[in-house]
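Novice: What follows is work-v1.cif, mmCIF, C-alpha atoms and all ligand atoms.
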```cif
data_my_file
loop_
_atom_site.label_atom_id
_atom_site.label_comp_id
_atom_site.auth_asym_id
_atom_site.auth_seq_id
_atom_site.Cartn_x
_atom_site.Cartn_y
_atom_site.Cartn_z
CA MET N 1 8.29 -10.93 6.92
CA VAL N 2 8.89 -7.17 7.07
CA ARG N 3 11.59 -6.12 9.58
CA TYR N 4 11.00 -2.59 10.80
CA ASP N 5 13.96 -0.52 11.95
CA PHE N 6 12.68 1.58 14.82
CA ASP N 7 16.18 2.82 15.66
CA GLN N 8 16.01 4.93 12.52
CA VAL N 9 15.49 8.59 13.41
CA CYS N 10 12.94 10.12 11.01
CA ASP N 11 12.54 13.85 10.51
CA ARG N 12 8.94 14.73 11.34
CA ARG N 13 9.39 18.49 11.16
CA ASN N 14 7.33 20.43 8.61
CA THR N 15 4.71 17.70 8.40
CA ASP N 16 2.04 19.59 10.40
CA SER N 17 2.98 17.44 13.37
CA LEU N 18 1.53 18.69 16.64
CA LYS N 19 4.39 17.06 18.53
CA TRP N 20 7.26 18.42 16.44
CA ASP N 21 6.00 21.55 14.66
CA MET N 22 4.27 23.29 17.57
CA LEU N 23 7.18 23.42 20.00
CA GLN N 24 7.52 27.19 19.76
CA SER N 25 3.89 27.88 20.48
CA ILE N 26 3.54 25.24 23.18
CA PHE N 27 6.88 25.45 24.98
CA GLY N 28 8.15 28.80 23.75
CA ARG N 29 11.27 27.31 22.18
CA GLU N 30 12.26 25.08 19.28
CA ASP N 31 15.33 23.33 20.65
CA LEU N 32 13.54 20.69 22.73
CA ILE N 33 13.27 16.94 22.26
CA PRO N 34 9.48 16.52 22.11
CA MET N 35 8.37 13.72 24.43
CA TRP N 36 4.97 15.05 25.35
CA VAL N 37 1.82 14.31 23.31
CA ALA N 38 1.03 10.61 22.87
CA ASP N 39 2.04 9.65 19.37
CA MET N 40 4.98 7.55 18.26
CA ASP N 41 8.06 8.62 16.33
CA PHE N 42 7.83 5.40 14.33
CA PRO N 43 6.44 5.09 10.79
CA VAL N 44 3.23 3.07 10.66
CA ALA N 45 2.85 -0.52 9.46
CA GLN N 46 3.35 -1.04 5.75
CA PRO N 47 -0.07 -2.70 5.21
CA ILE N 48 -1.71 0.49 6.51
CA VAL N 49 0.31 2.68 4.16
CA ASP N 50 -0.55 0.36 1.25
CA ALA N 51 -4.27 0.40 2.07
CA LEU N 52 -4.33 4.20 2.35
CA LYS N 53 -2.48 4.62 -0.96
CA LYS N 54 -4.86 2.27 -2.69
CA ARG N 55 -7.88 4.11 -1.32
CA ALA N 56 -6.39 7.52 -2.18
CA GLU N 57 -5.94 6.41 -5.78
CA HIS N 58 -9.70 6.08 -6.18
CA PRO N 59 -10.35 9.80 -6.52
CA PHE N 60 -13.73 10.03 -4.84
CA TYR N 61 -13.67 11.23 -1.28
CA GLY N 62 -17.35 11.79 -0.68
CA TYR N 63 -19.55 11.21 2.38
CA THR N 64 -18.64 7.93 3.99
CA LYS N 65 -20.30 5.22 5.97
CA PRO N 66 -18.26 2.24 7.16
CA GLY N 67 -19.31 -1.01 5.53
CA PRO N 68 -19.67 -4.41 7.21
CA SER N 69 -16.05 -5.25 6.56
CA VAL N 70 -14.86 -2.36 8.78
CA THR N 71 -17.23 -3.35 11.58
CA ASP N 72 -16.26 -6.98 11.21
CA SER N 73 -12.58 -6.08 11.65
CA VAL N 74 -13.42 -4.57 15.07
CA VAL N 75 -15.53 -7.56 16.12
CA LYS N 76 -12.76 -9.99 15.14
CA ARG N 77 -10.05 -7.92 16.81
CA MET N 78 -11.88 -7.87 20.14
CA ARG N 79 -12.45 -11.61 19.91
CA ARG N 80 -8.87 -12.44 18.92
CA LYS N 81 -7.10 -10.10 21.34
CA PHE N 82 -9.36 -10.22 24.39
CA LYS N 83 -11.74 -13.17 23.85
CA TRP N 84 -14.46 -10.53 24.04
CA GLU N 85 -17.57 -11.23 21.94
CA ILE N 86 -19.20 -8.05 20.71
CA LYS N 87 -22.08 -7.55 18.31
CA PRO N 88 -21.55 -5.36 15.24
CA GLU N 89 -24.49 -3.14 16.18
CA TRP N 90 -22.84 -2.24 19.50
CA ILE N 91 -20.15 -0.26 17.69
CA VAL N 92 -20.44 3.48 17.17
CA PHE N 93 -17.58 5.03 15.20
CA THR N 94 -16.48 8.49 16.28
CA PRO N 95 -13.65 10.76 15.14
CA GLY N 96 -11.70 10.21 18.35
CA VAL N 97 -12.05 9.05 21.91
CA VAL N 98 -12.04 12.50 23.52
CA PRO N 99 -15.08 13.67 21.49
CA ALA N 100 -16.76 10.37 22.43
CA LEU N 101 -16.09 11.05 26.12
CA HIS N 102 -17.74 14.47 25.82
CA VAL N 103 -20.73 12.87 24.13
CA ALA N 104 -20.87 10.05 26.68
CA VAL N 105 -20.92 12.42 29.66
CA ARG N 106 -23.54 14.65 28.05
CA SER N 107 -25.66 11.64 27.23
CA LEU N 108 -25.59 10.38 30.83
CA THR N 109 -25.89 13.59 32.83
CA HIS N 110 -27.73 16.84 33.33
CA PRO N 111 -25.94 20.04 34.29
CA GLY N 112 -25.22 19.96 38.02
CA ASP N 113 -24.64 16.19 38.09
CA GLU N 114 -21.34 14.70 39.17
CA VAL N 115 -18.79 12.51 37.43
CA ILE N 116 -15.94 10.67 39.13
CA LEU N 117 -12.35 10.91 37.94
CA GLN N 118 -9.37 9.09 39.42
CA GLU N 119 -6.56 11.59 39.70
CA PRO N 120 -3.91 11.90 38.52
CA ALA N 121 -6.13 11.78 35.45
CA TYR N 122 -5.58 12.28 31.71
CA HIS N 123 -6.03 16.07 31.57
CA PRO N 124 -8.70 16.25 28.81
CA PHE N 125 -11.02 14.37 31.22
CA PHE N 126 -11.40 17.56 33.28
CA PRO N 127 -13.11 19.63 30.55
CA VAL N 128 -15.10 16.56 29.52
CA VAL N 129 -16.85 16.87 32.88
CA THR N 130 -16.90 20.62 33.43
CA ASN N 131 -17.87 21.60 29.88
CA SER N 132 -20.93 19.41 30.30
CA GLY N 133 -21.91 21.55 33.28
CA CYS N 134 -21.06 18.74 35.70
CA GLN N 135 -18.86 18.63 38.76
CA ILE N 136 -15.75 16.53 39.17
CA VAL N 137 -15.62 14.18 42.14
CA ASN N 138 -12.07 12.99 42.66
CA ASN N 139 -11.60 9.40 43.75
CA GLY N 140 -7.82 9.85 43.81
CA LEU N 141 -5.47 6.93 43.25
CA LYS N 142 -3.16 5.99 46.11
CA LEU N 143 0.59 5.61 45.56
CA ILE N 144 1.73 2.72 47.75
CA ASN N 145 5.35 1.54 47.56
CA GLY N 146 5.85 2.89 44.05
CA ARG N 147 2.60 1.46 42.69
CA TYR N 148 -0.79 3.09 42.21
CA GLU N 149 -3.91 1.47 43.63
CA MET N 150 -7.57 2.41 43.52
CA ASP N 151 -9.11 3.66 46.75
CA TYR N 152 -12.30 1.59 47.05
CA ASP N 153 -13.28 2.86 50.51
CA ASP N 154 -13.14 6.40 49.24
CA LEU N 155 -15.12 5.40 46.16
CA GLU N 156 -17.91 3.94 48.30
CA HIS N 157 -17.79 7.00 50.47
CA LYS N 158 -18.21 9.29 47.49
CA PHE N 159 -21.60 7.77 46.82
CA LEU N 160 -22.83 8.58 50.33
CA PRO N 161 -24.34 12.05 49.92
CA LYS N 162 -24.00 12.97 53.57
CA THR N 163 -20.24 12.55 53.48
CA ARG N 164 -19.89 15.38 51.02
CA PRO N 165 -21.94 18.26 52.37
CA LEU N 166 -20.46 20.69 49.86
CA HIS N 167 -21.80 18.67 46.95
CA GLY N 168 -24.26 16.57 48.84
CA SER N 169 -26.50 15.95 45.86
CA GLY N 170 -25.87 12.23 45.46
CA ARG N 171 -26.15 12.67 41.74
CA ILE N 172 -23.02 10.88 40.61
CA LYS N 173 -23.95 9.59 37.18
CA ALA N 174 -20.70 8.15 35.88
CA ILE N 175 -17.04 7.45 36.39
CA ILE N 176 -14.42 7.93 33.69
CA PHE N 177 -12.22 4.90 34.21
CA CYS N 178 -8.93 4.64 32.35
CA ASN N 179 -7.42 1.23 31.61
CA PRO N 180 -4.49 1.08 31.00
CA HIS N 181 -4.24 4.24 33.03
CA ASN N 182 -2.74 7.39 31.55
CA PRO N 183 -0.59 8.78 33.16
CA VAL N 184 0.29 6.21 35.86
CA GLY N 185 0.63 3.20 33.54
CA ARG N 186 -1.40 0.72 35.61
CA LEU N 187 -3.17 -2.06 33.76
CA TRP N 188 -6.01 -2.79 36.15
CA LYS N 189 -6.43 -6.45 37.02
CA ARG N 190 -9.72 -8.26 36.67
CA GLU N 191 -10.33 -8.30 40.47
CA GLU N 192 -9.64 -4.57 40.67
CA ILE N 193 -12.01 -3.81 37.80
CA ILE N 194 -14.70 -5.95 39.42
CA ARG N 195 -14.35 -4.23 42.77
CA MET N 196 -14.54 -0.75 41.26
CA GLY N 197 -17.31 -1.69 38.81
CA GLU N 198 -19.54 -3.22 41.48
CA ILE N 199 -19.38 -0.12 43.64
CA VAL N 200 -20.23 2.15 40.72
CA ILE N 201 -22.98 0.00 39.22
CA ASN N 202 -24.59 -0.82 42.60
CA ASN N 203 -24.91 2.91 43.10
CA GLY N 204 -26.71 3.38 39.80
CA ALA N 205 -23.89 5.03 37.86
CA VAL N 206 -22.35 4.09 34.52
CA VAL N 207 -18.70 3.25 33.82
CA ILE N 208 -17.19 5.09 30.87
CA SER N 209 -14.12 2.96 30.28
CA ASP N 210 -11.38 4.58 28.22
CA GLU N 211 -9.37 1.64 26.89
CA ILE N 212 -7.53 3.45 24.13
CA HIS N 213 -4.13 2.09 25.28
CA CYS N 214 -5.38 -1.50 25.61
CA GLU N 215 -2.90 -3.01 23.15
CA ILE N 216 0.22 -1.22 24.34
CA LEU N 217 1.19 -3.62 27.10
CA PHE N 218 4.53 -4.62 28.52
CA LYS N 219 5.53 -8.27 28.75
CA GLY N 220 3.36 -10.57 30.85
CA HIS N 221 0.26 -8.36 30.90
CA GLN N 222 -3.19 -9.11 29.49
CA HIS N 223 -5.96 -6.53 29.17
CA THR N 224 -9.52 -7.18 30.42
CA PRO N 225 -12.20 -5.07 28.70
CA PHE N 226 -14.62 -3.72 31.29
CA ALA N 227 -17.67 -5.00 29.43
CA SER N 228 -16.29 -8.53 29.14
CA ILE N 229 -16.62 -9.19 32.89
CA SER N 230 -20.34 -9.96 33.12
CA GLU N 231 -23.67 -9.15 31.57
CA GLU N 232 -24.33 -6.64 34.34
CA PHE N 233 -21.07 -4.85 33.58
CA GLU N 234 -21.75 -5.04 29.85
CA GLN N 235 -25.12 -3.33 30.27
CA ASN N 236 -23.76 -0.47 32.38
CA CYS N 237 -20.81 0.83 30.43
CA ILE N 238 -19.50 2.69 27.43
CA VAL N 239 -16.15 1.30 26.28
CA CYS N 240 -13.90 3.58 24.25
CA THR N 241 -11.37 1.96 22.03
CA SER N 242 -9.39 2.87 18.93
CA PRO N 243 -6.43 1.70 16.86
CA SER N 244 -4.96 5.19 17.15
CA LYS N 245 -2.49 4.65 20.02
CA THR N 246 -1.65 1.06 19.13
CA PHE N 247 -0.96 1.74 15.45
CA ASN N 248 0.03 5.39 15.60
CA LEU N 249 -2.94 6.75 13.68
CA SER N 250 -3.91 9.74 15.83
CA GLY N 251 -4.07 12.12 12.87
CA LEU N 252 -6.70 9.96 11.19
CA ASP N 253 -9.35 10.53 13.85
CA VAL N 254 -10.98 7.16 14.14
CA SER N 255 -12.28 5.31 17.16
CA ALA N 256 -14.77 2.55 17.88
CA ILE N 257 -17.03 3.14 20.87
CA ILE N 258 -18.66 -0.04 22.08
CA ILE N 259 -22.01 0.35 23.82
CA PRO N 260 -23.84 -2.95 24.37
CA ASN N 261 -26.86 -1.40 26.14
CA LYS N 262 -29.30 -0.24 23.46
CA LYS N 263 -30.77 2.57 25.53
CA LEU N 264 -27.32 3.97 26.38
CA ARG N 265 -26.28 3.57 22.75
CA ASP N 266 -29.35 5.31 21.34
CA THR N 267 -28.90 8.21 23.74
CA PHE N 268 -25.21 8.44 22.85
CA ILE N 269 -26.05 8.51 19.13
CA SER N 270 -28.77 11.12 19.48
CA THR N 271 -26.52 13.29 21.68
CA GLN N 272 -23.75 13.37 19.08
CA SER N 273 -26.03 13.68 16.08
CA GLY N 274 -25.36 16.80 14.02
CA ILE N 275 -22.57 17.96 16.33
CA VAL N 276 -19.82 15.35 16.10
CA PRO N 277 -18.81 14.80 12.49
CA ALA N 278 -18.40 11.39 10.90
CA THR N 279 -14.98 9.83 10.81
CA ASN N 280 -13.12 10.51 7.58
CA LEU N 281 -12.88 7.68 5.10
CA PHE N 282 -9.12 7.27 5.47
CA GLY N 283 -9.67 6.63 9.16
CA TYR N 284 -11.84 3.63 8.38
CA THR N 285 -9.39 2.33 5.79
CA ALA N 286 -6.53 2.58 8.28
CA LEU N 287 -8.52 1.01 11.12
CA GLU N 288 -9.39 -2.02 9.05
CA ALA N 289 -5.88 -2.50 7.68
CA ALA N 290 -4.41 -2.12 11.17
CA TYR N 291 -6.80 -4.55 12.82
CA ARG N 292 -6.47 -7.15 10.07
CA PHE N 293 -2.85 -6.85 9.01
CA GLY N 294 -1.00 -4.79 11.63
CA ASP N 295 0.16 -7.48 14.04
CA GLU N 296 3.59 -8.13 12.55
CA TRP N 297 4.44 -4.46 13.04
CA LEU N 298 2.79 -4.31 16.46
CA GLU N 299 4.78 -7.24 17.83
CA GLN N 300 7.99 -5.51 16.78
CA VAL N 301 6.88 -2.16 18.24
CA LEU N 302 5.99 -3.78 21.56
CA ASP N 303 9.41 -5.47 21.68
CA TYR N 304 11.08 -2.19 20.92
CA LEU N 305 9.08 -0.32 23.58
CA GLN N 306 9.99 -3.00 26.12
CA GLY N 307 13.64 -2.39 25.20
CA ASN N 308 13.17 1.36 25.64
CA LEU N 309 11.51 0.84 29.01
CA ASN N 310 14.27 -1.49 30.22
CA PHE N 311 16.89 0.98 29.05
CA LEU N 312 15.17 3.88 30.83
CA LEU N 313 14.67 1.95 34.08
CA GLU N 314 18.32 0.89 34.21
CA TYR N 315 19.65 4.30 33.20
CA ILE N 316 17.60 6.24 35.72
CA ALA N 317 18.30 3.81 38.59
CA ARG N 318 22.03 4.04 37.86
CA GLU N 319 22.53 7.64 36.78
CA ILE N 320 19.59 9.71 38.08
CA PRO N 321 18.53 7.97 41.31
CA ASP N 322 16.69 11.04 42.57
CA ILE N 323 14.02 10.38 39.95
CA LYS N 324 11.76 7.45 40.74
CA VAL N 325 10.09 5.84 37.76
CA ILE N 326 6.62 4.40 38.31
CA LYS N 327 7.07 1.16 36.40
CA PRO N 328 4.29 0.98 33.80
CA GLU N 329 2.37 -2.15 32.85
CA GLY N 330 0.90 -0.52 29.76
CA THR N 331 1.11 2.65 27.61
CA TYR N 332 4.36 4.16 26.35
CA LEU N 333 3.93 7.07 28.74
CA ILE N 334 6.27 7.01 31.72
CA TRP N 335 5.23 8.67 34.95
CA MET N 336 8.24 9.88 36.84
CA ASP N 337 8.34 11.04 40.44
CA CYS N 338 10.75 13.97 40.59
CA ARG N 339 9.88 15.17 44.08
CA GLU N 340 13.33 14.30 45.43
CA LEU N 341 14.81 16.90 43.10
CA GLY N 342 13.33 19.39 45.56
CA MET N 343 11.76 21.74 43.00
CA ASP N 344 8.27 23.17 43.03
CA LYS N 345 6.10 22.42 40.03
CA ILE N 346 7.05 25.54 38.08
CA ALA N 347 10.75 25.13 38.83
CA LEU N 348 10.51 21.51 37.64
CA ARG N 349 8.83 22.59 34.41
CA ASN N 350 11.47 25.28 33.81
CA PHE N 351 14.24 22.84 34.63
CA MET N 352 13.05 20.24 32.09
CA GLN N 353 12.47 22.84 29.38
CA GLU N 354 15.28 25.31 29.89
CA LYS N 355 18.06 23.22 31.41
CA ALA N 356 17.42 19.68 30.15
CA LYS N 357 15.75 20.91 26.95
CA ILE N 358 13.13 18.25 26.69
CA GLY N 359 9.42 18.80 26.17
CA LEU N 360 7.51 16.67 28.69
CA GLU N 361 3.99 16.83 30.09
CA ASP N 362 3.99 18.53 33.48
CA GLY N 363 2.56 16.25 36.14
CA PHE N 364 0.32 18.91 37.63
CA ILE N 365 -1.85 19.14 34.50
CA PHE N 366 -3.15 15.70 35.53
CA GLY N 367 -4.40 17.16 38.81
CA GLU N 368 -2.71 18.36 41.98
CA ALA N 369 -1.67 14.76 42.78
CA GLY N 370 0.67 15.03 39.80
CA SER N 371 2.62 17.93 41.23
CA GLY N 372 6.32 17.03 41.30
CA PHE N 373 5.87 14.43 38.55
CA VAL N 374 6.46 14.54 34.80
CA ARG N 375 5.19 12.28 32.01
CA MET N 376 7.62 11.17 29.32
CA ASN N 377 6.63 9.57 26.01
CA ILE N 378 9.21 6.90 25.18
CA ALA N 379 7.78 5.85 21.79
CA CYS N 380 10.84 7.13 19.98
CA PRO N 381 14.06 5.74 18.52
CA ARG N 382 16.43 4.69 21.30
CA PRO N 383 19.11 7.22 20.34
CA ILE N 384 16.57 9.98 21.05
CA LEU N 385 15.66 8.47 24.40
CA GLU N 386 19.34 8.11 25.31
CA GLU N 387 19.98 11.74 24.43
CA ALA N 388 16.99 12.91 26.49
CA LEU N 389 18.11 10.99 29.56
CA ARG N 390 21.68 12.17 29.11
CA ARG N 391 20.39 15.76 29.01
CA ILE N 392 18.44 15.31 32.25
CA LYS N 393 21.45 13.81 33.98
CA ALA N 394 23.77 16.60 32.76
CA ALA N 395 21.27 19.28 33.79
CA ILE N 396 20.98 17.80 37.29
CA ASN N 397 24.76 17.59 37.64
CA GLU N 398 25.09 21.24 36.62
CA SER N 399 22.39 22.45 39.02
CA PRO N 400 23.41 23.84 42.39
CA ARG N 401 21.98 21.52 45.11
C1 LIG N 501 -6.48 7.90 27.92
C2 LIG N 501 -6.60 8.62 26.61
N1 LIG N 501 -7.81 8.83 26.07
C3 LIG N 501 -7.95 9.47 24.89
C4 LIG N 501 -6.85 9.95 24.21
C5 LIG N 501 -7.02 10.70 22.94
O1 LIG N 501 -7.95 10.11 22.12
P1 LIG N 501 -8.34 10.71 20.69
O2 LIG N 501 -7.10 11.25 20.07
O3 LIG N 501 -8.91 9.53 19.99
O4 LIG N 501 -9.36 11.76 20.96
C6 LIG N 501 -5.58 9.76 24.74
C7 LIG N 501 -4.40 10.29 24.05
O5 LIG N 501 -3.33 10.31 24.54
C8 LIG N 501 -5.46 9.08 25.97
O6 LIG N 501 -4.27 8.87 26.52
#
```
How would this structure read if it were set down as structure tokens?
Specialist:
Amino acid sequence: MVRYDFDQVCDRRNTDSLKWDMLQSIFGREDLIPMWVADMDFPVAQPIVDALKKRAEHPFYGYTKPGPSVTDSVVKRMRRKFKWEIKPEWIVFTPGVVPALHVAVRSLTHPGDEVILQEPAYHPFFPVVTNSGCQIVNNGLKLINGRYEMDYDDLEHKFLPKTRPLHGSGRIKAIIFCNPHNPVGRLWKREEIIRMGEIVINNGAVVISDEIHCEILFKGHQHTPFASISEEFEQNCIVCTSPSKTFNLSGLDVSAIIIPNKKLRDTFISTQSGIVPATNLFGYTALEAAYRFGDEWLEQVLDYLQGNLNFLLEYIAREIPDIKVIKPEGTYLIWMDCRELGMDKIALRNFMQEKAKIGLEDGFIFGEAGSGFVRMNIACPRPILEEALRRIKAAINESPR
């Protein structure tokens, strides 16, 4: 058995890392701890490195098409992890989930149509809708006693054209559903998915279910793929999945989009044809190695992330009680309610960057409902997390109240 040491701090600078090498251009300064974009400061599983090296040693990097063994690794993974039976022909590989979301929305809508988001929402969802010429309809999540819930009454209401005279078109074609939810960390339960899905499908719209974080779950949680609920759900959805978050492969641009309905799948494929490039061959190699041989590493990463989460929850409750952490069920992205610090959104951003010197995602980029919040990526060695929290505490203590 390989024992990974995730406490080890690795230097990622000068590796063309978006997270570490772009601090100056993104935050305007270099001296920040980067805890923003969603990749992990942990080296990937050894079987993935070995598979990539082996493939790289065969010096032909021509046009690529994934063979049956790659597809089979996805089918088996879905079966083993979620008891979800998928057919190989349902899978469409794309070089990322965000490009797939753009394609999905374009394939389901015409300009002027509407697409539902549930804000606070992963910020690239906004241009997914608007760049397709569609309008965003916000079915905002409700924060009730420190936990986010879906607002089903509002969702039903959104489908009643008369209730929205400004839009009033009744042309909602899809919802972009996120499970586990980035940024609020909810892993939606089966009953919640059913309630949302029934409203959407009964109103003739399609569920685009972004499940990219589906294997980063804290203890006691089990993910339910949207399409696994029933045949009706299966036939009315596009499920986006990828090993990229789970196995830290974001730079390899590979994702598996699962579209059981042939008509939806054919339209998706024709919409992306000639525009979205194929995944690169190293992406396929890494996906297969991760899905077949990555579990030993993943179990250790999930344990480590649970330790980081426990540490953060205890530290903040004890030392920084003005910040309220929204306890996540999945993802390594922590949504923190900083409204009791009494700063407006720009002051909060400046405080985190200039006083605490950490690079977080501002809550307001996830929609106005995120104003007063920040999102922190805790997939890092614990000493880095400790230092970041210590910096926030010190900066608060030094600030005039
Ligand atoms: C919900 C969600 N979807 C998609 C992505 C990005 O997907 P990709 O890098 O495959 O385009 C992220 C990255 O953080 C995410 O959180």
Novice: Which residues are near ligand LIG 501 (chain N) - at most 10 Å, using all atoms listed in the file? Format: as number ranges by chain.
Specialist: N: 36-39, 94-101, 121-125, 176-183, 209-214, 240-245, 249-256, 331-333
Novice: Those residues with C-alpha atoms, as a CSV table (one decimal), in the coordinates of the input please?
Specialist:
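Final output, saved to out.csv:
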```
chain,number,residue,atom,x,y,z
N,36,TRP,CA,5.0,15.0,25.4
N,37,VAL,CA,1.8,14.3,23.3
N,38,ALA,CA,1.0,10.6,22.9
N,39,ASP,CA,2.0,9.6,19.4
N,94,THR,CA,-16.5,8.5,16.3
N,95,PRO,CA,-13.6,10.8,15.1
N,96,GLY,CA,-11.7,10.2,18.4
N,97,VAL,CA,-12.0,9.0,21.9
N,98,VAL,CA,-12.0,12.5,23.5
N,99,PRO,CA,-15.1,13.7,21.5
N,100,ALA,CA,-16.8,10.4,22.4
N,101,LEU,CA,-16.1,11.0,26.1
N,121,ALA,CA,-6.1,11.8,35.4
N,122,TYR,CA,-5.6,12.3,31.7
N,123,HIS,CA,-6.0,16.1,31.6
N,124,PRO,CA,-8.7,16.2,28.8
N,125,PHE,CA,-11.0,14.4,31.2
N,176,ILE,CA,-14.4,7.9,33.7
N,177,PHE,CA,-12.2,4.9,34.2
N,178,CYS,CA,-8.9,4.6,32.4
N,179,ASN,CA,-7.4,1.2,31.6
N,180,PRO,CA,-4.5,1.1,31.0
N,181,HIS,CA,-4.2,4.2,33.0
N,182,ASN,CA,-2.7,7.4,31.6
N,183,PRO,CA,-0.6,8.8,33.2
N,209,SER,CA,-14.1,3.0,30.3
N,210,ASP,CA,-11.4,4.6,28.2
N,211,GLU,CA,-9.4,1.6,26.9
N,212,ILE,CA,-7.5,3.4,24.1
N,213,HIS,CA,-4.1,2.1,25.3
N,214,CYS,CA,-5.4,-1.5,25.6
N,240,CYS,CA,-13.9,3.6,24.2
N,241,THR,CA,-11.4,2.0,22.0
N,242,SER,CA,-9.4,2.9,18.9
N,243,PRO,CA,-6.4,1.7,16.9
N,244,SER,CA,-5.0,5.2,17.2
N,245,LYS,CA,-2.5,4.6,20.0
N,249,LEU,CA,-2.9,6.8,13.7
N,250,SER,CA,-3.9,9.7,15.8
N,251,GLY,CA,-4.1,12.1,12.9
N,252,LEU,CA,-6.7,10.0,11.2
N,253,ASP,CA,-9.4,10.5,13.8
N,254,VAL,CA,-11.0,7.2,14.1
N,255,SER,CA,-12.3,5.3,17.2
N,256,ALA,CA,-14.8,2.6,17.9
N,331,THR,CA,1.1,2.6,27.6
N,332,TYR,CA,4.4,4.2,26.4
N,333,LEU,CA,3.9,7.1,28.7
```
Novice: By how many Å are atom CA of Asp337 of chain N and atom CA of Lys324 of chain N apart?
Specialist: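 Spanning atom CA of Asp337 of chain N to atom CA of Lys324 of chain N is a straight-line distance of 5.0 Å.
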Novice: What gap, in Å, lies between atom CA of Val128 of chain N and atom CA of Phe282 of chain N?
Specialist: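 Between atom CA of Val128 of chain N and atom CA of Phe282 of chain N the gap is 26.5 Å.
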Novice: Could you check which residues have any atom within 12 Å of (-17.4, -4.8, 42.3), counting all atoms listed in the file with coordinates taken straight from the file, and then list them as a PyMOL selection string?
Specialist: chain N and resi 152-153+155-156+190-203+207+226+229-230+232-233
Novice: Separation of atom CA of Val129 of chain N and atom CA of Ile378 of chain N, in Å?
Specialist: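 A separation of 28.9 Å between them.
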Novice: With only C-alpha atoms as the atoms that count, which of N:Ile26, N:Ile326, N:Val92, N:Ile396 lies nearest to Ala278 of chain N?
Specialist: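 Using only C-alpha atoms, the shortest distance to Ala278 of chain N belongs to N:Val92.
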Novice: Within 9 Å of segment 340-357 of chain N, which residues of segment 361-382 of chain N come that close, and what is the closest atom pair and distance in Å for each? Count all atoms listed in the file and give it as CSV.
Specialist:
```
residue,atom,partner,partner_atom,distance
N:Glu361,CA,N:Arg349,CA,8.7
N:Asp362,CA,N:Arg349,CA,6.4
N:Gly363,CA,N:Lys345,CA,8.1
N:Phe364,CA,N:Lys345,CA,7.2
N:Ser371,CA,N:Lys345,CA,5.8
N:Gly372,CA,N:Lys345,CA,5.5
N:Phe373,CA,N:Lys345,CA,8.1
N:Val374,CA,N:Arg349,CA,8.4
```
Novice: My list of candidates is N:Asp21, N:Glu85, N:Asp72, N:Glu119. Which is closest to Glu368 of chain N when distances are computed with all atoms listed in the file?
Specialist: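 Closest to Glu368 of chain N of all the choices is N:Glu119.
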Novice: Which residues are close to Phe293 of chain N, i.e. within 12 Å by only C-alpha atoms, leaving aside same-chain residues fewer than 5 positions away? Reply as a list in words.
Specialist: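 Residues meeting the cut-off are Val2, Val44, Ala45, Gln46, Pro47, Ile48, Val49, Asp50, Ala51, Ser73, Arg77, Phe247, Thr285, Ala286, Leu287, Glu288, Leu298 and Glu299 of chain N.
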Novice: Would you list the contacts of Pro328 of chain N as JSON, numbers by chain, taking every protein, DNA or RNA residue within 8 Å and counting only C-alpha atoms, but skipping same-chain residues closer than 2 positions in sequence?
Specialist: {"N": [184, 185, 186, 218, 326, 330, 331, 333, 334, 335]}
Novice: Restricting the output to C-alpha atoms, write the selected residues as a short mmCIF file (atom, residue, chain, number, x, y, z; two decimals), keeping the file's coordinate frame.
Specialist:
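Heads up, here's the output in selection04.cif:
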```
data_model
loop_
_atom_site.label_atom_id
_atom_site.label_comp_id
_atom_site.auth_asym_id
_atom_site.auth_seq_id
_atom_site.Cartn_x
_atom_site.Cartn_y
_atom_site.Cartn_z
CA VAL N 184 0.29 6.21 35.86
CA GLY N 185 0.63 3.20 33.54
CA ARG N 186 -1.40 0.72 35.61
CA PHE N 218 4.53 -4.62 28.52
CA ILE N 326 6.62 4.40 38.31
CA GLY N 330 0.90 -0.52 29.76
CA THR N 331 1.11 2.65 27.61
CA LEU N 333 3.93 7.07 28.74
CA ILE N 334 6.27 7.01 31.72
CA TRP N 335 5.23 8.67 34.95
#
```
Novice: Choose the residue, out of N:Ile257, N:Gln272, N:Leu23, N:Asn280, that has the smallest atom-to-atom separation from Thr71 of chain N; count only C-alpha atoms.
Specialist: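 Counting only C-alpha atoms, the residue closest to Thr71 of chain N is N:Ile257.
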Novice: Residues at most 8 Å from Ile175 of chain N, counting all atoms listed in the file, excluding those fewer than 6 positions away in the same chain, as a list in words?
Specialist: Val115, Ile116, Leu117, Val200, Ala205, Val206, Val207 and Ile208 of chain N
Novice: Closest to His110 of chain N among N:Leu309, N:Ile86, N:Ala174, N:Ile216, using all atoms listed in the file?
Specialist: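 Using all atoms listed in the file, the shortest distance to His110 of chain N belongs to N:Ala174.
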Novice: List the spatial neighbours of Lys263 of chain N as a CSV table (one decimal) with C-alpha atoms, in the coordinates of the input - criterion: any atom at most 12 Å away, only C-alpha atoms, same-chain residues fewer than 3 positions off excluded.
Specialist:
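Contents of the output file around_8.csv:
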```csv
chain,number,residue,atom,x,y,z
N,90,TRP,CA,-22.8,-2.2,19.5
N,107,SER,CA,-25.7,11.6,27.2
N,108,LEU,CA,-25.6,10.4,30.8
N,235,GLN,CA,-25.1,-3.3,30.3
N,236,ASN,CA,-23.8,-0.5,32.4
N,237,CYS,CA,-20.8,0.8,30.4
N,238,ILE,CA,-19.5,2.7,27.4
N,259,ILE,CA,-22.0,0.4,23.8
N,260,PRO,CA,-23.8,-3.0,24.4
N,266,ASP,CA,-29.4,5.3,21.3
N,267,THR,CA,-28.9,8.2,23.7
N,268,PHE,CA,-25.2,8.4,22.8
N,269,ILE,CA,-26.0,8.5,19.1
N,270,SER,CA,-28.8,11.1,19.5
```
